[in-house]
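J.: Supplied structure: structure-v4.pdb, PDB, C-alpha atoms and all ligand atoms.
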```pdb
MODEL        1
ATOM      1  CA  MET A   2       0.000   0.000   0.000
ATOM      2  CA  THR A   3       1.381   3.423  -0.930
ATOM      3  CA  ARG A   4       1.525   5.854   1.940
ATOM      4  CA  ILE A   5      -0.687   8.900   1.516
ATOM      5  CA  VAL A   6       0.798  12.141   2.801
ATOM      6  CA  TYR A   7      -0.675  15.609   3.157
ATOM      7  CA  VAL A   8       1.032  18.570   1.483
ATOM      8  CA  ASN A   9      -0.481  22.049   1.414
ATOM      9  CA  GLY A  10      -4.122  21.059   1.047
ATOM     10  CA  GLU A  11      -3.664  17.845  -0.933
ATOM     11  CA  TYR A  12      -3.584  14.146  -0.045
ATOM     12  CA  LEU A  13      -0.977  12.576  -2.318
ATOM     13  CA  PRO A  14       0.871   9.268  -2.773
ATOM     14  CA  GLU A  15       4.260   9.814  -1.104
ATOM     15  CA  ASP A  16       6.207   9.738  -4.384
ATOM     16  CA  GLN A  17       4.161  12.668  -5.687
ATOM     17  CA  ALA A  18       4.442  14.793  -2.553
ATOM     18  CA  LYS A  19       6.894  17.647  -3.082
ATOM     19  CA  VAL A  20       7.967  20.991  -1.636
ATOM     20  CA  SER A  21      10.006  23.763  -3.261
ATOM     21  CA  VAL A  22      13.835  23.903  -3.184
ATOM     22  CA  PHE A  23      13.319  27.438  -1.823
ATOM     23  CA  ASP A  24      11.328  26.179   1.138
ATOM     24  CA  ARG A  25      12.742  27.797   4.280
ATOM     25  CA  GLY A  26      12.517  24.514   6.127
ATOM     26  CA  PHE A  27      15.085  23.145   3.665
ATOM     27  CA  LEU A  28      17.278  26.265   3.438
ATOM     28  CA  PHE A  29      17.212  27.556   7.037
ATOM     29  CA  ALA A  30      15.593  24.836   9.198
ATOM     30  CA  ASP A  31      12.952  27.551   9.565
ATOM     31  CA  GLY A  32      10.186  25.223  10.658
ATOM     32  CA  VAL A  33       8.478  23.577  13.584
ATOM     33  CA  TYR A  34       6.975  20.132  14.033
ATOM     34  CA  GLU A  35       4.896  17.886  16.244
ATOM     35  CA  VAL A  36       4.593  14.136  16.603
ATOM     36  CA  THR A  37       1.338  12.592  17.773
ATOM     37  CA  SER A  38       1.032   8.909  18.575
ATOM     38  CA  VAL A  39      -1.817   6.776  17.320
ATOM     39  CA  LEU A  40      -3.000   3.741  19.281
ATOM     40  CA  ASP A  41      -5.920   1.643  18.000
ATOM     41  CA  GLY A  42      -6.547   4.292  15.334
ATOM     42  CA  LYS A  43      -6.944   7.085  17.908
ATOM     43  CA  LEU A  44      -4.819  10.158  18.619
ATOM     44  CA  ILE A  45      -2.979  10.342  21.937
ATOM     45  CA  ASP A  46      -2.718  13.742  23.669
ATOM     46  CA  PHE A  47      -3.719  15.631  20.502
ATOM     47  CA  ASP A  48      -4.770  18.711  22.430
ATOM     48  CA  GLY A  49      -1.374  19.017  24.133
ATOM     49  CA  HIS A  50       0.461  18.725  20.829
ATOM     50  CA  THR A  51      -1.628  21.402  19.100
ATOM     51  CA  LYS A  52      -1.205  23.761  22.049
ATOM     52  CA  ARG A  53       2.582  23.345  21.968
ATOM     53  CA  LEU A  54       2.524  23.801  18.183
ATOM     54  CA  THR A  55       0.716  27.117  18.579
ATOM     55  CA  ARG A  56       3.295  28.188  21.146
ATOM     56  CA  SER A  57       6.218  27.195  18.875
ATOM     57  CA  LEU A  58       4.686  29.177  15.982
ATOM     58  CA  ASN A  59       4.110  32.228  18.185
ATOM     59  CA  GLU A  60       7.664  32.177  19.550
ATOM     60  CA  LEU A  61       8.965  32.309  15.954
ATOM     61  CA  ASP A  62       6.410  34.803  14.573
ATOM     62  CA  MET A  63       5.338  32.128  12.147
ATOM     63  CA  ARG A  64       1.847  32.078  10.715
ATOM     64  CA  ALA A  65      -0.363  29.048  11.359
ATOM     65  CA  PRO A  66      -1.543  27.572   8.049
ATOM     66  CA  CYS A  67      -4.951  26.646   9.524
ATOM     67  CA  ASP A  68      -6.784  26.276  12.828
ATOM     68  CA  SER A  69      -6.581  23.345  15.260
ATOM     69  CA  ALA A  70      -9.937  21.885  14.193
ATOM     70  CA  THR A  71      -8.651  21.606  10.606
ATOM     71  CA  LEU A  72      -5.450  19.994  11.852
ATOM     72  CA  LEU A  73      -7.518  17.424  13.722
ATOM     73  CA  GLU A  74      -9.483  16.658  10.545
ATOM     74  CA  ILE A  75      -6.258  16.167   8.568
ATOM     75  CA  HIS A  76      -4.832  13.843  11.246
ATOM     76  CA  ARG A  77      -7.996  11.755  11.205
ATOM     77  CA  GLU A  78      -8.132  11.670   7.415
ATOM     78  CA  LEU A  79      -4.536  10.383   7.323
ATOM     79  CA  VAL A  80      -5.391   7.657   9.848
ATOM     80  CA  THR A  81      -8.276   6.559   7.622
ATOM     81  CA  ARG A  82      -6.490   6.814   4.271
ATOM     82  CA  ASN A  83      -3.467   4.881   5.571
ATOM     83  CA  ASP A  84      -5.410   2.334   7.665
ATOM     84  CA  LEU A  85      -3.219   3.421  10.549
ATOM     85  CA  VAL A  86      -3.761   1.350  13.697
ATOM     86  CA  ASP A  87      -0.618   2.022  15.749
ATOM     87  CA  GLY A  88       2.087   4.528  14.864
ATOM     88  CA  MET A  89       2.836   8.203  14.648
ATOM     89  CA  ILE A  90       1.726  11.253  12.687
ATOM     90  CA  TYR A  91       4.429  13.818  11.944
ATOM     91  CA  LEU A  92       3.324  17.382  11.271
ATOM     92  CA  GLN A  93       5.750  19.981   9.915
ATOM     93  CA  ILE A  94       5.144  23.656   9.309
ATOM     94  CA  THR A  95       7.732  25.911   7.700
ATOM     95  CA  ARG A  96       7.774  29.621   6.930
ATOM     96  CA  GLY A  97       7.005  28.700   3.334
ATOM     97  CA  ALA A  98       8.802  29.046   0.042
ATOM     98  CA  PRO A  99       9.463  32.613  -1.134
ATOM     99  CA  ASN A 100      10.866  32.837  -4.661
ATOM    100  CA  ASP A 101      14.490  33.246  -3.596
ATOM    101  CA  ARG A 102      16.913  32.606  -0.746
ATOM    102  CA  ASP A 103      17.116  35.427   1.798
ATOM    103  CA  PHE A 104      17.932  35.438   5.515
ATOM    104  CA  ALA A 105      15.215  38.011   6.146
ATOM    105  CA  TYR A 106      11.768  36.528   6.692
ATOM    106  CA  PRO A 107       9.604  36.613   3.557
ATOM    107  CA  ALA A 108       6.539  38.866   3.220
ATOM    108  CA  PRO A 109       3.920  37.946   5.843
ATOM    109  CA  GLU A 110       1.448  36.881   3.175
ATOM    110  CA  THR A 111       3.815  34.058   2.086
ATOM    111  CA  GLU A 112       1.910  30.802   2.594
ATOM    112  CA  PRO A 113       3.442  28.545   5.231
ATOM    113  CA  THR A 114       4.208  24.993   4.122
ATOM    114  CA  LEU A 115       2.169  22.308   5.886
ATOM    115  CA  VAL A 116       3.166  18.664   5.585
ATOM    116  CA  LEU A 117       1.858  15.668   7.519
ATOM    117  CA  PHE A 118       2.863  12.045   7.131
ATOM    118  CA  THR A 119       2.246   8.806   9.008
ATOM    119  CA  GLN A 120       4.567   6.084  10.251
ATOM    120  CA  SER A 121       2.997   2.720  10.911
ATOM    121  CA  LYS A 122       4.373   0.938  14.021
ATOM    122  CA  PRO A 123       2.244  -2.114  14.725
ATOM    123  CA  GLY A 124       2.327  -2.957  18.442
ATOM    124  CA  LEU A 125       3.845   0.437  19.326
ATOM    125  CA  ALA A 126       2.751   0.126  22.961
ATOM    126  CA  ASP A 127       4.266  -3.380  23.306
ATOM    127  CA  SER A 128       7.860  -2.463  22.533
ATOM    128  CA  PRO A 129      10.265  -5.199  23.753
ATOM    129  CA  MET A 130      12.508  -2.409  25.070
ATOM    130  CA  ALA A 131      10.001  -1.750  27.871
ATOM    131  CA  LYS A 132      11.029  -5.176  29.252
ATOM    132  CA  THR A 133      14.801  -4.898  28.745
ATOM    133  CA  GLY A 134      15.359  -1.150  29.247
ATOM    134  CA  MET A 135      17.634   1.205  27.320
ATOM    135  CA  LYS A 136      21.344   1.865  27.552
ATOM    136  CA  VAL A 137      22.369   5.509  27.232
ATOM    137  CA  ILE A 138      25.594   7.480  27.058
ATOM    138  CA  SER A 139      26.109  11.068  28.145
ATOM    139  CA  ILE A 140      27.261  13.680  25.628
ATOM    140  CA  GLU A 141      27.754  17.410  25.779
ATOM    141  CA  ASP A 142      24.610  19.387  24.911
ATOM    142  CA  GLN A 143      25.645  21.458  21.907
ATOM    143  CA  ARG A 144      22.206  22.515  20.676
ATOM    144  CA  TRP A 145      20.981  26.088  20.323
ATOM    145  CA  GLY A 146      19.486  27.937  23.296
ATOM    146  CA  ARG A 147      15.753  27.756  22.502
ATOM    147  CA  ARG A 148      15.110  24.065  22.981
ATOM    148  CA  ASP A 149      11.634  24.868  24.287
ATOM    149  CA  ILE A 150      10.621  25.586  20.683
ATOM    150  CA  LYS A 151      10.060  22.370  18.748
ATOM    151  CA  THR A 152      12.009  23.255  15.606
ATOM    152  CA  VAL A 153      13.145  20.946  12.820
ATOM    153  CA  GLN A 154      16.810  21.639  13.680
ATOM    154  CA  LEU A 155      17.512  18.039  14.589
ATOM    155  CA  LEU A 156      21.089  17.630  13.400
ATOM    156  CA  TYR A 157      22.737  17.558  16.822
ATOM    157  CA  PRO A 158      20.185  15.085  18.239
ATOM    158  CA  SER A 159      20.821  13.013  15.117
ATOM    159  CA  MET A 160      24.585  13.142  15.782
ATOM    160  CA  GLY A 161      23.881  12.132  19.381
ATOM    161  CA  LYS A 162      21.955   9.048  18.261
ATOM    162  CA  MET A 163      24.902   8.099  16.036
ATOM    163  CA  MET A 164      27.344   8.537  18.943
ATOM    164  CA  ALA A 165      25.108   6.292  21.061
ATOM    165  CA  LYS A 166      24.955   3.711  18.290
ATOM    166  CA  ALA A 167      28.727   3.752  17.873
ATOM    167  CA  ALA A 168      29.018   3.051  21.627
ATOM    168  CA  GLY A 169      26.594   0.105  21.352
ATOM    169  CA  CYS A 170      23.863   2.051  23.165
ATOM    170  CA  ASP A 171      20.308   3.135  22.418
ATOM    171  CA  ASP A 172      20.381   6.876  23.063
ATOM    172  CA  ALA A 173      22.310   9.787  24.538
ATOM    173  CA  TRP A 174      21.505  12.063  27.467
ATOM    174  CA  MET A 175      22.798  15.569  26.929
ATOM    175  CA  VAL A 176      24.720  17.397  29.639
ATOM    176  CA  GLU A 177      25.185  21.145  30.091
ATOM    177  CA  ASP A 178      27.049  22.840  32.958
ATOM    178  CA  GLY A 179      27.318  19.502  34.722
ATOM    179  CA  ALA A 180      23.596  18.663  34.623
ATOM    180  CA  VAL A 181      21.506  16.468  32.341
ATOM    181  CA  THR A 182      19.156  18.455  30.124
ATOM    182  CA  GLU A 183      17.272  15.708  28.257
ATOM    183  CA  GLY A 184      17.618  12.789  25.839
ATOM    184  CA  THR A 185      18.129  13.376  22.101
ATOM    185  CA  SER A 186      14.388  13.005  21.506
ATOM    186  CA  ASN A 187      12.901  12.553  24.965
ATOM    187  CA  ASN A 188      12.798  13.904  28.523
ATOM    188  CA  ALA A 189      15.020  12.258  31.136
ATOM    189  CA  TYR A 190      14.149  11.155  34.699
ATOM    190  CA  ILE A 191      15.720   9.399  37.653
ATOM    191  CA  ILE A 192      14.117   7.934  40.758
ATOM    192  CA  LYS A 193      15.798   8.057  44.161
ATOM    193  CA  ASP A 194      14.192   6.836  47.382
ATOM    194  CA  GLY A 195      10.768   6.947  45.727
ATOM    195  CA  THR A 196      11.118  10.519  44.413
ATOM    196  CA  ILE A 197      10.867  11.165  40.673
ATOM    197  CA  ILE A 198      13.469  13.754  39.635
ATOM    198  CA  THR A 199      13.444  15.485  36.240
ATOM    199  CA  ARG A 200      14.851  18.696  34.813
ATOM    200  CA  ASN A 201      12.694  21.765  35.492
ATOM    201  CA  LEU A 202      11.077  23.522  32.527
ATOM    202  CA  GLY A 203      12.921  26.406  30.868
ATOM    203  CA  THR A 204      14.502  27.224  27.531
ATOM    204  CA  GLU A 205      17.034  24.381  28.072
ATOM    205  CA  ILE A 206      14.596  21.549  27.297
ATOM    206  CA  LEU A 207      11.552  20.752  25.240
ATOM    207  CA  HIS A 208       8.388  20.885  27.318
ATOM    208  CA  GLY A 209       7.350  17.312  26.648
ATOM    209  CA  ILE A 210       3.656  16.637  26.306
ATOM    210  CA  THR A 211       4.241  13.137  27.663
ATOM    211  CA  ARG A 212       6.273  14.663  30.520
ATOM    212  CA  ALA A 213       3.334  16.869  31.545
ATOM    213  CA  ALA A 214       0.915  13.927  31.520
ATOM    214  CA  VAL A 215       3.249  11.531  33.349
ATOM    215  CA  LEU A 216       4.047  14.063  36.099
ATOM    216  CA  ARG A 217       0.332  14.765  36.525
ATOM    217  CA  PHE A 218      -0.443  11.024  36.861
ATOM    218  CA  ALA A 219       2.500  10.564  39.250
ATOM    219  CA  ARG A 220       1.253  13.351  41.530
ATOM    220  CA  GLU A 221      -2.295  12.004  41.384
ATOM    221  CA  ALA A 222      -0.887   8.632  42.493
ATOM    222  CA  GLN A 223       0.742  10.427  45.494
ATOM    223  CA  MET A 224       4.269   9.933  44.150
ATOM    224  CA  LYS A 225       6.818  12.620  45.039
ATOM    225  CA  VAL A 226       8.113  14.706  42.127
ATOM    226  CA  GLU A 227      11.103  17.084  42.114
ATOM    227  CA  GLU A 228      11.641  19.253  39.039
ATOM    228  CA  ARG A 229      15.325  20.189  39.141
ATOM    229  CA  PRO A 230      18.625  19.547  37.341
ATOM    230  CA  PHE A 231      20.503  16.317  38.186
ATOM    231  CA  THR A 232      24.036  15.146  37.355
ATOM    232  CA  VAL A 233      25.290  12.040  35.551
ATOM    233  CA  ALA A 234      26.797  10.788  38.846
ATOM    234  CA  GLU A 235      23.428  11.229  40.578
ATOM    235  CA  ALA A 236      21.739   9.309  37.768
ATOM    236  CA  GLN A 237      24.271   6.490  37.997
ATOM    237  CA  ALA A 238      23.566   6.226  41.735
ATOM    238  CA  ALA A 239      19.774   6.361  41.274
ATOM    239  CA  ASP A 240      17.392   3.469  41.952
ATOM    240  CA  GLU A 241      15.770   3.745  38.515
ATOM    241  CA  ALA A 242      15.786   5.907  35.414
ATOM    242  CA  PHE A 243      13.482   6.371  32.458
ATOM    243  CA  ILE A 244      12.602   8.607  29.541
ATOM    244  CA  THR A 245       9.302   9.861  28.140
ATOM    245  CA  SER A 246       8.212  10.873  24.644
ATOM    246  CA  ALA A 247       5.123  10.678  22.476
ATOM    247  CA  SER A 248       6.434   7.639  20.592
ATOM    248  CA  THR A 249       8.072   5.701  23.467
ATOM    249  CA  PHE A 250       5.617   6.704  26.239
ATOM    250  CA  VAL A 251       7.570   5.757  29.404
ATOM    251  CA  MET A 252      10.718   3.734  28.672
ATOM    252  CA  PRO A 253      13.103   2.440  31.356
ATOM    253  CA  VAL A 254      16.822   3.280  31.223
ATOM    254  CA  VAL A 255      19.081   0.657  32.816
ATOM    255  CA  GLU A 256      22.586   1.847  32.018
ATOM    256  CA  LEU A 257      24.373   5.203  31.773
ATOM    257  CA  ASP A 258      27.946   5.468  30.470
ATOM    258  CA  GLY A 259      28.513   1.748  31.027
ATOM    259  CA  GLN A 260      27.282   1.800  34.613
ATOM    260  CA  SER A 261      24.149  -0.104  35.641
ATOM    261  CA  ILE A 262      21.388   1.926  37.248
ATOM    262  CA  GLY A 263      19.737   0.269  40.278
ATOM    263  CA  THR A 264      19.481  -3.470  39.640
ATOM    264  CA  GLY A 265      20.367  -2.998  35.968
ATOM    265  CA  LYS A 266      16.820  -4.083  35.103
ATOM    266  CA  PRO A 267      13.695  -1.955  34.495
ATOM    267  CA  GLY A 268      12.363  -0.832  37.867
ATOM    268  CA  PRO A 269       8.852  -0.982  39.359
ATOM    269  CA  VAL A 270       8.153   2.771  39.388
ATOM    270  CA  ALA A 271       8.906   3.217  35.675
ATOM    271  CA  ALA A 272       6.827   0.120  34.890
ATOM    272  CA  ARG A 273       3.899   1.459  36.922
ATOM    273  CA  LEU A 274       4.097   4.910  35.306
ATOM    274  CA  ARG A 275       4.153   3.307  31.858
ATOM    275  CA  GLU A 276       1.063   1.289  32.739
ATOM    276  CA  ILE A 277      -0.826   4.320  34.101
ATOM    277  CA  TYR A 278       0.196   6.531  31.169
ATOM    278  CA  LEU A 279      -0.899   4.000  28.547
ATOM    279  CA  GLU A 280      -4.150   3.224  30.327
ATOM    280  CA  GLU A 281      -5.145   6.863  30.880
ATOM    281  CA  SER A 282      -4.015   8.015  27.414
ATOM    282  CA  ARG A 283      -5.939   5.277  25.667
ATOM    283  CA  LYS A 284      -9.043   6.283  27.636
ATOM    284  CA  ALA A 285      -8.650   9.946  26.637
ATOM    285  CA  ALA A 286      -7.607   9.270  22.998
ATOM    286  CA  ILE A 287      -9.716  10.918  20.304
TER     287      ILE A 287
HETATM  288  N1  LIG B 301      12.781  16.427  24.286
HETATM  289  C1  LIG B 301      13.138  16.406  22.993
HETATM  290  C2  LIG B 301      14.427  17.047  22.601
HETATM  291  C3  LIG B 301      12.321  15.796  22.027
HETATM  292  O1  LIG B 301      12.677  15.799  20.732
HETATM  293  C4  LIG B 301      11.113  15.163  22.455
HETATM  294  C5  LIG B 301      10.217  14.458  21.483
HETATM  295  N2  LIG B 301       9.862  15.184  20.394
HETATM  296  C6  LIG B 301      10.780  15.209  23.814
HETATM  297  C7  LIG B 301      11.641  15.848  24.699
HETATM  298  C8  LIG B 301       9.512  14.589  24.330
HETATM  299  O2  LIG B 301       8.393  15.360  24.007
HETATM  300  P1  LIG B 301       6.956  14.712  23.804
HETATM  301  O3  LIG B 301       6.648  13.976  25.078
HETATM  302  O4  LIG B 301       6.068  15.849  23.591
HETATM  303  O5  LIG B 301       7.071  13.781  22.646
ENDMDL
END
```
Could you show the structure in this file as structure tokens?
T.:
Amino acid sequence: MTRIVYVNGEYLPEDQAKVSVFDRGFLFADGVYEVTSVLDGKLIDFDGHTKRLTRSLNELDMRAPCDSATLLEIHRELVTRNDLVDGMIYLQITRGAPNDRDFAYPAPETEPTLVLFTQSKPGLADSPMAKTGMKVISIEDQRWGRRDIKTVQLLYPSMGKMMAKAAGCDDAWMVEDGAVTEGTSNNAYIIKDGTIITRNLGTEILHGITRAAVLRFAREAQMKVEERPFTVAEAQAADEAFITSASTFVMPVVELDGQSIGTGKPGPVAARLREIYLEESRKAAI
């Protein structure tokens, strides 16, 4: 089956979907994106993702190509046209394609580019990694300073994944001024004496939609949460560690820079949070 993607108002087979060579997403990484998970054909946390998208656009003075209700319709249409059961929907908006290359933003009436595509991941919520846990390395955080905006500048995270791969690991946690910021494509957490510790919000990290939901569920379950920076040494001495993101939900981390965390196996708190998150998100899916 050919994947159907959405480009600027049209649903097209992927080999016919094109954007201009002058698109500012291509020339300047002048674009933002969102990733929404689909479980059983339904969208997880859609409202959170559209709210963050609006914020990203506002922070960059970028025009929204349409309203949130239209975006919801497009997401649903892509689920239907691609028979998507489990997987992700990627949405990208760029500042459009003026007729030449110029650092200055194009005229405000320039149409933004809107692209959405699906990725099918059957059994997304049953990833074997939830049972084994992930191994991560630490690397220096060399990204730009506005990581709270979800831009398509993903080269450094991409380099980080390659560094992790070269070290025989699954991902990298980025470190700045001695403290962990986040994973290459996820938020990072440790658990010590029953307290969940994760980096506080700011411009240093992406404000994860999964993070917000998981912390809310944790507090509702009377778990203690501390939002503050933590070091690699603190993480290595923690009882458990995990990451969150829209596509991995809650995923245990069992090793950091070659050192086992806790028992070296996925811990009970991460497992419980994963269970609660999946259960509650499925219930609220639209
Ligand atoms: N941090 C970074 C750098 C990310 O790329 C992502 C995933 N896009 C996250 C955190 C997690 O965010 P979310 O839970 O909204 O997927």
J.: With 6 Å added on each side, what axis-aligned box encloses every listed atom of ligand LIG 301 (chain B)? Give the centre and edge lengths in Å to one decimal, as AutoDock Vina command-line options.
T.:
```
--center_x 10.2 --center_y 15.4 --center_z 22.7 --size_x 20.4 --size_y 15.3 --size_z 16.7
```
J.: Which of these, A:Ser121, A:Ser69, A:Ser57, A:Thr182, has the shortest distance to Tyr91 (chain A) once you count all atoms listed in the file?
T.: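 Among the listed residues, A:Ser121 lies closest to Tyr91 (chain A).
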J.: Decode the PyMOL selection byres (((not hetatm)) within 8 of (chain B and resi 301)) for the given file into explicit residues and return them as a list in words.
T.: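 This file, filtered by the PyMOL selection byres (((not hetatm)) within 8 of (chain B and resi 301)), leaves Glu35, Val36, Thr37, His50, Arg148, Lys151, Pro158, Glu183, Gly184, Thr185, Ser186, Asn187, Asn188, Ile206, Leu207, His208, Gly209, Ile210, Thr211, Arg212, Ala213, Thr245, Ser246, Ala247, Ser248 and Phe250 of chain A.
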J.: Would you mind exporting the chosen residues as a compact mmCIF listing (two decimals), keeping the file's coordinate frame, restricted to C-alpha atoms?
T.:
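Contents of selection.txt, freshly written:
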```txt
# COMPACT_ATOMS: atom_id res chain seq x y z
CA GLU A 35 4.90 17.89 16.24
CA VAL A 36 4.59 14.14 16.60
CA THR A 37 1.34 12.59 17.77
CA HIS A 50 0.46 18.73 20.83
CA ARG A 148 15.11 24.06 22.98
CA LYS A 151 10.06 22.37 18.75
CA PRO A 158 20.18 15.08 18.24
CA GLU A 183 17.27 15.71 28.26
CA GLY A 184 17.62 12.79 25.84
CA THR A 185 18.13 13.38 22.10
CA SER A 186 14.39 13.00 21.51
CA ASN A 187 12.90 12.55 24.96
CA ASN A 188 12.80 13.90 28.52
CA ILE A 206 14.60 21.55 27.30
CA LEU A 207 11.55 20.75 25.24
CA HIS A 208 8.39 20.88 27.32
CA GLY A 209 7.35 17.31 26.65
CA ILE A 210 3.66 16.64 26.31
CA THR A 211 4.24 13.14 27.66
CA ARG A 212 6.27 14.66 30.52
CA ALA A 213 3.33 16.87 31.54
CA THR A 245 9.30 9.86 28.14
CA SER A 246 8.21 10.87 24.64
CA ALA A 247 5.12 10.68 22.48
CA SER A 248 6.43 7.64 20.59
CA PHE A 250 5.62 6.70 26.24
```
J.: Which residues would end up in the selection if the PyMOL selection byres (((chain A and resi 84) around 12) and not hetatm) were applied here, given that I need the answer as a ChimeraX atom specification?
T.: /A:2-5,39-43,77-83,85-88,119-123
J.: Name the residues, using the chain letters and numbers of the file, that sit within 12 Å of (1.1, 28.7, 18.9) when counting only C-alpha atoms, and give them as JSON, numbers by chain.
T.: {"A": [33, 34, 35, 49, 50, 51, 52, 53, 54, 55, 56, 57, 58, 59, 60, 61, 62, 63, 64, 65, 66, 67, 68, 69, 94, 150, 151]}
J.: Between A:Val6, A:Leu115, A:Lys19, A:Arg273, which one has atoms that come closest to Ile90 (chain A), using all atoms listed in the file?
T.: A:Val6
J.: Please evaluate the PyMOL selection byres (((chain A and resi 116) around 6) and not hetatm) against the displayed coordinates and give the resulting residues as a PyMOL selection string.
T.: chain A and resi 7-8+92-93+115+117
J.: Please measure the separation of CA of Asp24 (chain A) and CA of Gly97 (chain A), giving the value in Å to one decimal.
T.: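 These atoms are spaced 5.5 Å apart.
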J.: For region 147-239 of chain A against region 255-265 of chain A, with a cut-off of 12 Å and counting all atoms listed in the file, what is the closest atom pair and its distance in Å to one decimal for every residue that makes the cut, ordered by chain and number, as a tab-separated table?
T.:
```
residue	atom	partner	partner_atom	distance
A:Met164	CA	A:Asp258	CA	11.9
A:Ala165	CA	A:Asp258	CA	9.9
A:Ala168	CA	A:Asp258	CA	9.2
A:Gly169	CA	A:Gly259	CA	10.0
A:Cys170	CA	A:Glu256	CA	8.9
A:Asp171	CA	A:Glu256	CA	10.0
A:Asp172	CA	A:Leu257	CA	9.7
A:Ala173	CA	A:Leu257	CA	8.8
A:Trp174	CA	A:Leu257	CA	8.6
A:Met175	CA	A:Leu257	CA	11.5
A:Val181	CA	A:Leu257	CA	11.6
A:Gly184	CA	A:Leu257	CA	11.8
A:Ala189	CA	A:Leu257	CA	11.7
A:Tyr190	CA	A:Val255	CA	11.8
A:Ile191	CA	A:Ile262	CA	9.4
A:Ile192	CA	A:Gly263	CA	9.5
A:Lys193	CA	A:Gly263	CA	9.6
A:Asp194	CA	A:Gly263	CA	11.2
A:Thr232	CA	A:Leu257	CA	11.4
A:Val233	CA	A:Leu257	CA	7.9
A:Ala234	CA	A:Leu257	CA	9.3
A:Glu235	CA	A:Ile262	CA	10.1
A:Ala236	CA	A:Ile262	CA	7.4
A:Gln237	CA	A:Ile262	CA	5.5
A:Ala238	CA	A:Ile262	CA	6.6
A:Ala239	CA	A:Gly263	CA	6.2
```
J.: Take the selection from the previous step and output its residues with C-alpha atoms, as a tab-separated table (two decimals), in the coordinates of the input.
T.:
```
chain	number	residue	atom	x	y	z
A	164	MET	CA	27.34	8.54	18.94
A	165	ALA	CA	25.11	6.29	21.06
A	168	ALA	CA	29.02	3.05	21.63
A	169	GLY	CA	26.59	0.10	21.35
A	170	CYS	CA	23.86	2.05	23.16
A	171	ASP	CA	20.31	3.14	22.42
A	172	ASP	CA	20.38	6.88	23.06
A	173	ALA	CA	22.31	9.79	24.54
A	174	TRP	CA	21.50	12.06	27.47
A	175	MET	CA	22.80	15.57	26.93
A	181	VAL	CA	21.51	16.47	32.34
A	184	GLY	CA	17.62	12.79	25.84
A	189	ALA	CA	15.02	12.26	31.14
A	190	TYR	CA	14.15	11.16	34.70
A	191	ILE	CA	15.72	9.40	37.65
A	192	ILE	CA	14.12	7.93	40.76
A	193	LYS	CA	15.80	8.06	44.16
A	194	ASP	CA	14.19	6.84	47.38
A	232	THR	CA	24.04	15.15	37.35
A	233	VAL	CA	25.29	12.04	35.55
A	234	ALA	CA	26.80	10.79	38.85
A	235	GLU	CA	23.43	11.23	40.58
A	236	ALA	CA	21.74	9.31	37.77
A	237	GLN	CA	24.27	6.49	38.00
A	238	ALA	CA	23.57	6.23	41.74
A	239	ALA	CA	19.77	6.36	41.27
```
J.: Please provide the set of residues having any atom within 10 Å of Arg102 (chain A), restricted to only C-alpha atoms, with same-chain residues fewer than 2 positions apart removed, written as a PyMOL selection string.
T.: chain A and resi 22-25+28-29+98-100+104-107
J.: Rounded to one decimal in Å, what is the spacing between CA of Val153 (chain A) and CA of Gly32 (chain A)?
T.: 5.6 Å
J.: Rounded to one decimal in Å, what is the spacing between CA of Ile140 (chain A) and CA of Val176 (chain A)?
T.: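 Answer for the CA of Ile140 (chain A) to CA of Val176 (chain A) separation: 6.0 Å.
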J.: When distances are computed from all atoms listed in the file, which of A:Leu72, A:Met224, A:Ala30, A:Met160 shows the smallest separation from Asn9 (chain A)?
T.: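 Smallest distance to Asn9 (chain A) is found for A:Leu72.
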J.: Find the residues around Val226 (chain A) up to 9 Å (all atoms listed in the file counted), leave out those fewer than 5 positions away in its own chain, and share them as a list in words.
T.: Gly195, Thr196, Ile197, Ile198, Thr199, Leu216, Ala219 and Arg220 of chain A
J.: Between A:Leu44, A:Gln223, A:Ala108, A:Met252, single out the one closest to Val137 (chain A), counting only C-alpha atoms.
T.: A:Met252
J.: Just the residues within 6 Å of Thr95 (chain A), please, counting only C-alpha atoms, with nothing from its chain fewer than 5 positions along; format it as a PyMOL selection string.
T.: chain A and resi 26+31-32+113-114
J.: Taking into account all atoms listed in the file, which residue in the set A:Arg275, A:His76, A:Arg229, A:Arg217 is nearest to Lys132 (chain A)?
T.: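 Closest to Lys132 (chain A), using all atoms listed in the file: A:Arg275.
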